[in-house]
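Asks: The structure follows.
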Amino acid sequence: MSDRAGRGASSGPPADSGLGAAMGELFYQAPVAMICVDPQLRILHVNQAFCRLLGLPAEGIIGHRLPEFQHGFDTGFIERTTSAEVVDQGVAVMGARLAQRLADGSERTVAWSAFPLTLDGRQLAAIGMLTDVTEREGTVHELERAHSRLDLLERAGNQVGTTLDVRRTAAELADLVVPALTDRIAIDLLDSVVSGAAEDTHEGDELRLRRVVLRDVNPERPPVFAEGELIITPLTVSPSIALTTGKPILVADLKNFGGKALYNAGDITALLASGIHSFLIVPMIARGVTLGVANFARAETPEPYSDADLQLAADVVSRAAVSIDNARMYMREHATALTLQQSLLPVRIPQVEGLATAHRYQAVSNAAQVGGDWFDVIPLEAGRVALVVGDVTGHDIHAAAVMGQLRTTMTNLLPLGLPASEIMNRLSQIVSDHGEETGATCVYGVYDPSTRRCQFTTAGHLPPALRHPDGTVEFIDAPTGTMLGLGLSDYDPVDVDLPPGSTLVLYTDGLVEKPDQDIVTGMARLEAALAESETYQPLGELSDTILSRLGPFTDDDVAVLLARTDAGSDELFMTARRQPHRASESR
């Protein structure tokens, strides 16, 4: 071969070919691998760079066709595109990507470009170029990966933590990363986090985890632990190690992993059998509190996890952990408020002669809230009895605490026989002392069985419903005094006759008001439920019927107090003035 590769077989373009001026020195000295083929796709000329690419001298290349050479890339594709587009149609092929596998097993990417060479309108040949774009492609790939990582982090901020529910937040994290970052994710939270119990990271030398979410691109892949299963793991192996140290773990090649002693051998065997070849263990920690662990695994994705993948997973899990911790703290606050609220409500209500009572309290179905609704039955002198229902604004511990104050105050004031206005104004002052953001409503009636009359006083509360023995229903038209907490006001009571066999219903606004239903519609539904009931239907059954027909209740607590006047003789009512009340379980 001559000193210029590619000229050995032809020592330059022949004079009668018309190519001398076109090829020139540039063709032979260009750093890009170049080739010239005739219309029959036989190689006419190659340059030095192309010879180096194939590892052959020009004499071994010229006169042949490309598919005769196998050098790690698809030469058949090059010939097909050159024939169909460049030779037949006279159009250029630009930047077609080809993967080239080298002798050492590595790969690089080359770009194939070709265009027709014409002279005086006559197609003489086609010029082709192969350019190594491996580095450029790698840069583009890394930029795309960086963009996808930023996109995933941005979506994590918008899509994870939309509710104050630990399971829902874990599910949102799983939906975000499968399949964008992992083929499978299993999220295991400390059992104490799931149950809302006090912080307890481990018992003795074991860690108790609850699998709350499992997502897999392959639904047929058998899990080591199923969703909902309790996982008890020794502190000496992972994931306990990752949780106790707070450091994530990357296993790039599970099959050849040298640290299998840190894992349960059966788990590793099961993972390998399911096709998983690489995994990450990322602890979920927020505000210094250990919450659980997220297990990422790859099977269908051939690339092993990298340090960059681990960092991305850690960032995403960290954001989710903050949301899970928010839900955990809110759940514990709710449990505390609910315990306080239940301790302040009456466990048993007294039963008095001449009046049957029943009550129902239904907490809002949204577990993140607890209300300040309350009810009470307070025996008074001479056989009389007070029926009370109230509602403090808000859904938190504060509302429950204010409710307890109001209930205790009313229990102490009513037996004193104070005027209705004085009682309500004292209650209003208690609410006012808690600040402008606190308010409350209340309605109470004092029933005298000897006269079958009930005196009602209302502070911003909805009117009680009264079902007469003949099935007609009315809402008692009592003057609606000022809501408690808004200053001193006149609270004028009203007296109402309660015929024997009539049923009285006191309730909070949660029974009749919903986001998709106004109070007027709700009161109409309550009226219909009472009108359609039997006159002497047991009050417990009637209470359940009312809740069933007007529910479900998802945004506010509901308190309902029912009372029915006795339909017996006048003598029975007169005995109420002589007999003390007795306490029994409410019906």
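Lettering and numbering for the structure tokens are positional, with chains as A, B, ... in the shown order, residues counted from 1 in each chain, and ligands counted from 1 in the shown order.
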For stretch 178-184 of chain A, please output as an MDAnalysis selection string all residues within 10 Å (counting only C-alpha atoms; exclusion window: fewer than 5 positions along the same chain).

Replies: chainID A and resid 148:149 152 173 214:219 221 223 276 278:280 295:301 305 309:310 312:313

Asks: Could you write those residues out with C-alpha atoms, as a compact mmCIF listing (two decimals), in the first residue's frame?

Replies:
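Wrote it out as again_10.txt, contents follow:
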# COMPACT_ATOMS: atom_id res chain seq x y z
CA SER A 148 -35.62 12.81 33.79
CA ARG A 149 -34.19 12.87 37.32
CA LEU A 152 -39.01 12.86 38.80
CA LEU A 173 -44.35 7.11 46.11
CA LEU A 214 -45.84 -3.52 46.72
CA ARG A 215 -45.66 -2.44 43.06
CA ASP A 216 -44.17 -4.55 40.26
CA VAL A 217 -44.10 -4.14 36.49
CA ASN A 218 -44.40 -7.93 36.36
CA PRO A 219 -47.57 -8.89 38.26
CA ARG A 221 -43.40 -12.19 39.93
CA PRO A 223 -43.01 -11.49 46.26
CA ILE A 276 -33.93 -9.55 40.14
CA SER A 278 -29.77 -5.34 41.29
CA PHE A 279 -31.44 -3.56 44.21
CA LEU A 280 -31.37 -0.59 46.56
CA ASN A 295 -36.71 -1.52 48.61
CA PHE A 296 -36.00 -0.88 44.91
CA ALA A 297 -35.26 -3.78 42.55
CA ARG A 298 -34.46 -4.23 38.85
CA ALA A 299 -35.16 -7.30 36.75
CA GLU A 300 -36.54 -6.25 33.36
CA THR A 301 -34.25 -3.21 33.22
CA TYR A 305 -28.27 0.48 39.79
CA ASP A 309 -29.64 6.05 40.88
CA LEU A 310 -29.08 5.62 44.60
CA LEU A 312 -32.05 9.95 43.12
CA ALA A 313 -33.89 7.23 45.05

Asks: Quick one: DSSP strand (DSSP E or B) residues in stretch 106-192 of chain A, as an MDAnalysis selection string?

Replies: chainID A and resid 107:119 122:132 184:190

Asks: Could you dump the residues just selected with C-alpha atoms as an mmCIF file, in the first residue's frame?

Replies:
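Generated file (result-v5.cif):
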data_model
loop_
_atom_site.group_PDB
_atom_site.id
_atom_site.type_symbol
_atom_site.label_atom_id
_atom_site.label_comp_id
_atom_site.auth_asym_id
_atom_site.auth_seq_id
_atom_site.Cartn_x
_atom_site.Cartn_y
_atom_site.Cartn_z
ATOM 1 C CA GLU A 107 -19.822 -1.001 22.220
ATOM 2 C CA ARG A 108 -19.618 2.314 20.483
ATOM 3 C CA THR A 109 -22.052 4.262 18.382
ATOM 4 C CA VAL A 110 -21.323 5.384 14.826
ATOM 5 C CA ALA A 111 -23.362 7.631 12.562
ATOM 6 C CA TRP A 112 -23.704 6.709 8.865
ATOM 7 C CA SER A 113 -24.231 9.471 6.289
ATOM 8 C CA ALA A 114 -24.227 9.112 2.482
ATOM 9 C CA PHE A 115 -24.998 11.290 -0.523
ATOM 10 C CA PRO A 116 -24.930 10.880 -4.307
ATOM 11 C CA LEU A 117 -21.987 12.198 -6.364
ATOM 12 C CA THR A 118 -23.062 13.487 -9.774
ATOM 13 C CA LEU A 119 -21.331 15.193 -12.666
ATOM 14 C CA ARG A 122 -24.997 11.876 -14.375
ATOM 15 C CA GLN A 123 -24.703 9.863 -11.127
ATOM 16 C CA LEU A 124 -21.183 8.581 -10.877
ATOM 17 C CA ALA A 125 -20.988 7.199 -7.345
ATOM 18 C CA ALA A 126 -22.030 7.598 -3.721
ATOM 19 C CA ILE A 127 -19.921 8.990 -0.908
ATOM 20 C CA GLY A 128 -20.421 7.592 2.605
ATOM 21 C CA MET A 129 -19.065 8.613 6.009
ATOM 22 C CA LEU A 130 -18.906 6.814 9.349
ATOM 23 C CA THR A 131 -18.447 9.041 12.397
ATOM 24 C CA ASP A 132 -17.800 7.860 15.923
ATOM 25 C CA ARG A 184 -40.367 -3.254 41.649
ATOM 26 C CA ILE A 185 -40.664 -1.380 44.920
ATOM 27 C CA ALA A 186 -41.667 -2.700 48.313
ATOM 28 C CA ILE A 187 -42.266 -0.138 51.065
ATOM 29 C CA ASP A 188 -42.059 -1.433 54.614
ATOM 30 C CA LEU A 189 -42.961 0.863 57.506
ATOM 31 C CA LEU A 190 -42.349 0.252 61.174
#

Asks: Find the nearest atom pair between each residue of stretch 309-404 of chain A and stretch 424-428 of chain A for residues within 12 Å, count only C-alpha atoms, give distances in Å to one decimal, sort rows by chain and ascending number, and present the table as CSV.

Replies:
residue,atom,partner,partner_atom,distance
A:Gly390,CA,A:Leu427,CA,11.1
A:Val392,CA,A:Ser428,CA,11.4
A:Val402,CA,A:Leu427,CA,10.3
A:Met403,CA,A:Leu427,CA,10.5
A:Gly404,CA,A:Leu427,CA,11.6

Asks: Which residues are close to A:Glu68, i.e. within 12 Å by only C-alpha atoms, leaving aside same-chain residues fewer than 6 positions away? Reply as a PDB file with C-alpha atoms, in the first residue's frame.

Replies:
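Result file follows (part-v3.pdb):
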ATOM      1  CA  LEU A  41     -22.278  -0.608  -4.481  1.00  0.00           C
ATOM      2  CA  ARG A  42     -18.762  -1.877  -5.109  1.00  0.00           C
ATOM      3  CA  ILE A  43     -16.094   0.011  -3.208  1.00  0.00           C
ATOM      4  CA  LEU A  54     -11.971  -2.085   9.413  1.00  0.00           C
ATOM      5  CA  GLY A  60      -8.195  -5.761   0.823  1.00  0.00           C
ATOM      6  CA  ILE A  61     -11.237  -3.481   0.682  1.00  0.00           C
ATOM      7  CA  ILE A  62     -11.452  -1.939  -2.796  1.00  0.00           C
ATOM      8  CA  ASP A  74     -24.648  -3.660  10.540  1.00  0.00           C
ATOM      9  CA  THR A  75     -22.988  -3.271   7.105  1.00  0.00           C
ATOM     10  CA  GLY A  76     -26.115  -4.742   5.546  1.00  0.00           C
ATOM     11  CA  GLU A  79     -25.819  -1.035   1.878  1.00  0.00           C
TER      12      GLU A  79
END

Asks: Check the smallest atom-to-atom distance from each of A:Thr336, A:Thr451, A:Thr441, A:Gln40 to A:Thr480 using only C-alpha atoms, then report the winner.

Replies: A:Thr441

Asks: Nearest to A:Pro222: which of A:Val237, A:Ala273, A:Ala265, A:Ile397 is it, counting only C-alpha atoms?

Replies: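 Checking each candidate against A:Pro222, we get A:Ala273 as the closest.
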
Asks: Any idea what's packed within 12 Å of A:Met483, counting only C-alpha atoms, ignoring anything in its chain fewer than 5 positions away? Could you give it as a VMD selection string?

Replies: chain A and resid 390 to 393 424 to 425 427 to 429 431 to 432 438 to 443 457 to 462 488 to 491

Asks: Go through A:Thr545, A:Gln70, A:Asn326, A:Thr339 one by one, measure the shortest atom-to-atom distance of each to A:Gln100 using only C-alpha atoms, and give the residue with the smallest value.

Replies: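 Ranking A:Thr545, A:Gln70, A:Asn326, A:Thr339 by distance to A:Gln100, first place goes to A:Gln70.
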
Asks: Pick out each residue of stretch 88-216 of chain A that DSSP on the backbone tags as helix (DSSP H, G or I); I need them as a VMD selection string.

Replies: chain A and resid 134 to 159 166 to 177 191 to 195

Asks: If I take atom CA of A:Ser502 and atom CA of A:Trp374, how far is one from the other in Å, to one decimal?

Replies: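 Separation of atom CA of A:Ser502 and atom CA of A:Trp374: 23.2 Å.
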
Asks: Could you state the separation of atom CA of A:Val87 and atom CA of A:Met34 in Å, given to one decimal place?

Replies: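 Straight-line distance from atom CA of A:Val87 to atom CA of A:Met34 works out to 16.8 Å.
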
Asks: For stretch 465-474 of chain A, find every residue with an atom within 10 Å (counting only C-alpha atoms), except residues of its own chain fewer than 2 positions away, and show them as a ChimeraX atom specification.

Replies: /A:462-463,476-477,496,498-507,523,526-536,562-564,567
